[in-house]
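Trainee: Structure file upload02.txt, compact mmCIF, C-alpha atoms, is pasted below:
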```
# COMPACT_ATOMS: atom_id res chain seq x y z
CA MET A 1 122.09 103.95 42.44
CA ASN A 2 118.41 103.23 42.87
CA GLN A 3 115.74 103.09 40.18
CA ARG A 4 114.74 106.71 40.79
CA GLY A 5 118.33 107.85 40.25
CA VAL A 6 118.57 105.90 37.00
CA LYS A 7 115.29 107.43 35.81
CA LYS A 8 116.62 110.95 36.54
CA LEU A 9 119.72 110.16 34.50
CA VAL A 10 117.91 108.76 31.48
CA GLU A 11 114.72 110.86 31.39
CA PRO A 12 116.23 114.08 29.93
CA ILE A 13 117.74 112.22 26.99
CA SER A 14 114.72 110.13 26.08
CA LYS A 15 113.77 112.49 23.23
CA THR A 16 117.12 111.98 21.53
CA VAL A 17 117.34 108.21 21.90
CA LYS A 18 118.46 107.61 18.34
CA GLY A 19 121.38 110.01 18.65
CA PHE A 20 122.16 108.76 22.13
CA PHE A 21 122.27 105.17 20.89
CA SER A 22 124.53 106.05 17.97
CA ALA A 23 126.91 107.92 20.30
CA PHE A 24 127.41 104.63 22.19
CA ASP A 25 127.50 102.36 19.11
CA ARG A 26 131.08 103.14 18.06
CA ASP A 27 131.36 100.52 15.30
CA ASN A 28 127.92 101.32 13.79
CA ASP A 29 126.70 97.72 13.86
CA ASN A 30 123.36 98.65 15.54
CA TYR A 31 124.47 96.76 18.62
CA ILE A 32 126.09 98.12 21.77
CA ASN A 33 128.57 95.58 23.11
CA ALA A 34 129.94 95.62 26.67
CA LYS A 35 133.06 97.61 25.73
CA GLU A 36 130.99 100.27 23.91
CA TRP A 37 128.56 100.46 26.84
CA VAL A 38 131.30 100.97 29.43
CA LYS A 39 133.12 103.56 27.29
CA GLY A 40 129.86 105.38 26.54
CA LEU A 41 128.84 105.50 30.19
CA SER A 42 132.27 106.68 31.30
CA VAL A 43 132.04 109.63 28.90
CA PHE A 44 128.36 110.22 29.68
CA LEU A 45 128.88 110.27 33.44
CA ARG A 46 132.40 111.50 34.04
CA GLY A 47 134.02 112.41 30.74
CA THR A 48 136.28 115.36 30.09
CA PHE A 49 134.86 118.47 28.51
CA GLU A 50 136.25 117.41 25.12
CA GLU A 51 134.66 113.96 25.41
CA LYS A 52 131.31 115.48 26.40
CA LEU A 53 131.55 117.93 23.52
CA LYS A 54 132.01 115.09 21.02
CA PHE A 55 129.31 113.01 22.73
CA CYS A 56 126.70 115.80 22.54
CA PHE A 57 127.52 116.48 18.90
CA GLU A 58 127.09 112.79 18.08
CA VAL A 59 123.73 112.74 19.85
CA TYR A 60 122.53 115.78 17.89
CA TYR A 61 123.40 114.77 14.33
CA LEU A 62 120.54 112.38 13.93
CA ASN A 63 121.09 110.99 10.43
CA GLY A 64 124.72 109.98 10.92
CA ASP A 65 126.19 112.26 8.24
CA GLY A 66 128.47 114.18 10.61
CA TYR A 67 126.53 117.45 10.39
CA ILE A 68 123.61 118.96 12.28
CA SER A 69 121.23 120.11 9.55
CA ARG A 70 118.44 122.68 9.65
CA GLU A 71 115.92 119.82 9.55
CA GLU A 72 117.55 118.08 12.52
CA ILE A 73 117.63 121.33 14.51
CA PHE A 74 113.96 121.91 13.65
CA ASP A 75 112.99 118.41 14.83
CA MET A 76 114.93 118.76 18.09
CA LEU A 77 113.56 122.20 18.94
CA LYS A 78 109.97 121.64 17.81
CA ASN A 79 108.97 119.85 21.00
CA SER A 80 110.53 122.50 23.24
CA LEU A 81 108.13 125.29 22.25
CA TYR A 82 104.46 125.40 23.08
CA GLN A 83 102.27 127.74 21.08
CA SER A 84 98.52 127.99 20.71
CA SER A 85 98.55 126.41 17.25
CA GLU A 86 100.76 124.07 15.23
CA GLU A 87 101.35 126.81 12.64
CA GLU A 88 102.53 129.32 15.27
CA ASN A 89 104.74 126.66 16.82
CA ASP A 90 106.41 125.87 13.47
CA GLU A 91 107.06 129.56 12.79
CA GLY A 92 108.66 130.03 16.21
CA VAL A 93 110.84 126.98 15.70
CA LYS A 94 111.90 128.18 12.23
CA GLU A 95 112.97 131.49 13.78
CA LEU A 96 115.00 129.64 16.42
CA VAL A 97 116.62 127.49 13.74
CA ASP A 98 117.66 130.62 11.82
CA ILE A 99 119.10 132.20 14.97
CA THR A 100 120.96 128.99 15.82
CA ILE A 101 122.44 128.66 12.34
CA LYS A 102 123.58 132.32 12.42
CA LYS A 103 125.21 131.79 15.82
CA MET A 104 126.84 128.40 15.25
CA ASP A 105 127.50 127.99 11.50
CA TYR A 106 130.93 129.60 11.23
CA ASP A 107 131.71 128.34 7.72
CA ASN A 108 128.31 129.49 6.40
CA ASP A 109 127.40 126.22 4.66
CA GLY A 110 123.90 126.03 6.17
CA LYS A 111 124.68 123.19 8.58
CA ILE A 112 126.70 122.74 11.75
CA SER A 113 129.87 120.67 11.52
CA PHE A 114 131.78 119.43 14.54
CA ALA A 115 134.26 122.30 14.04
CA ASP A 116 131.36 124.80 14.08
CA PHE A 117 129.83 123.17 17.16
CA GLU A 118 133.15 123.04 19.01
CA LYS A 119 133.96 126.70 18.28
CA ALA A 120 130.50 127.87 19.37
CA VAL A 121 130.55 125.80 22.58
CA ARG A 122 134.08 126.92 23.50
CA GLU A 123 132.89 130.54 23.15
CA ASP A 124 129.70 129.88 25.15
CA ARG A 125 129.52 126.64 27.15
CA LEU A 126 125.76 126.99 27.57
CA LEU A 127 125.48 125.92 23.92
CA LEU A 128 126.72 122.40 24.77
CA GLU A 129 123.14 121.18 25.19
CA VAL A 130 121.47 123.81 23.01
CA PHE A 131 119.26 121.27 21.18
CA GLY A 132 118.10 119.48 24.31
CA PRO A 133 119.58 117.69 27.30
CA CYS A 134 121.93 114.83 26.49
CA LEU A 135 124.08 114.76 29.64
CA PRO A 136 122.99 114.02 33.21
CA GLU A 137 122.90 116.80 35.76
CA ALA A 138 126.31 117.19 37.40
CA GLN A 139 125.06 116.37 40.91
CA LEU A 140 123.62 113.06 39.66
CA CYS A 141 126.83 111.72 38.15
CA CYS A 142 129.31 113.07 40.68
CA PRO A 143 127.32 113.67 43.90
CA ARG A 144 130.36 113.91 46.20
CA HIS A 145 132.65 115.74 43.79
CA LYS A 146 132.58 118.94 41.80
CA PRO A 147 131.77 118.35 38.11
CA VAL A 148 134.65 118.26 35.66
CA ASN A 149 134.08 120.86 32.95
```
Mind converting the file's structure to structure tokens?
Mentor:
Amino acid sequence: MNQRGVKKLVEPISKTVKGFFSAFDRDNDNYINAKEWVKGLSVFLRGTFEEKLKFCFEVYYLNGDGYISREEIFDMLKNSLYQSSEEENDEGVKELVDITIKKMDYDNDGKISFADFEKAVREDRLLLEVFGPCLPEAQLCCPRHKPVN
């Protein structure tokens, strides 16, 4: 793979670097060793649907508590909307957060657990990357093969 291909793989996830890093750092020592790197890349590039589901969830819960909170959803979605003013942008994002919580929070505790995320994504696979891209495009990781979903 050339430099341009690597850039296409990494560019979509650059906004969620912290979550991406923690999804690779399995032992939480703030260091990615060779074994963690290989395992992380294998899931990232060619993992099963279940592995990708877990990977995306780990990227999205930014503070490491095992839940995706309203604040984390707000932060992830804030950069995806462009409005004429900061105030309008924040209001639009708050509305999206409310819609997302209503759609994905099955146990009604105000945050999204892995069980909530898994149930929502199994019902609608488009929700897998609802908070922003964290997986490479299928044609980039498996150019000669159909993607495994």
Trainee: Separation of atom CA of A:Glu123 and atom CA of A:Glu51, in Å?
Mentor: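 Atom CA of A:Glu51 lies 16.8 Å from atom CA of A:Glu123.
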Trainee: With all atoms listed in the file counted and 7 Å as the cut-off, give the residues of stretch 49-106 of chain A in contact with stretch 19-43 of chain A, each with its shortest interatomic distance in Å and the pair that gives it, as CSV.
Mentor:
```
residue,atom,partner,partner_atom,distance
A:Glu51,CA,A:Val43,CA,6.1
A:Lys52,CA,A:Val43,CA,6.4
A:Phe55,CA,A:Ala23,CA,6.1
A:Glu58,CA,A:Ala23,CA,5.4
A:Val59,CA,A:Gly19,CA,3.8
A:Tyr60,CA,A:Gly19,CA,5.9
A:Tyr61,CA,A:Gly19,CA,6.7
A:Leu62,CA,A:Gly19,CA,5.3
```
Trainee: Return the single residue from A:Lys78, A:Val121, A:Phe114, A:Arg70 that is closest to A:Ile99, with distances computed using all atoms listed in the file.
Mentor: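 Under the stated criterion, the closest residue is A:Arg70.
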Trainee: Find, counting only C-alpha atoms, the residue in A:Val97, A:Arg125, A:Pro133, A:Cys56 that gets nearest to A:Gly110.
Mentor: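 Of all the options, A:Val97 lies closest to A:Gly110.
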Trainee: For A:Glu129, which residue among A:Glu95, A:Lys103, A:Phe57, A:Asn63 is the nearest when counting all atoms listed in the file?
Mentor: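 Nearest candidate to A:Glu129 out of A:Glu95, A:Lys103, A:Phe57, A:Asn63: A:Phe57.
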Trainee: What separation in Å, quoted to one decimal, exists between atom CA of A:Ile73 and atom CA of A:Thr100?
Mentor: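 Spanning atom CA of A:Ile73 to atom CA of A:Thr100 is a straight-line distance of 8.5 Å.
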Trainee: Can you measure atom CA of A:Tyr106 to atom CA of A:Leu45 for me? One decimal in Å is fine.
Mentor: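 These two atoms are separated by 29.5 Å.
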Trainee: Between A:Leu77, A:Ala115, A:Met104, A:Ala120, single out the one closest to A:Gly132, counting all atoms listed in the file.
Mentor: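 Checking each candidate against A:Gly132, we get A:Leu77 as the closest.
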Trainee: A:Lys54, A:Leu126, A:Arg46, A:Lys94: which is nearest A:Gly66, counting all atoms listed in the file?
Mentor: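 Among the listed residues, the smallest separation from A:Gly66 belongs to A:Lys54.
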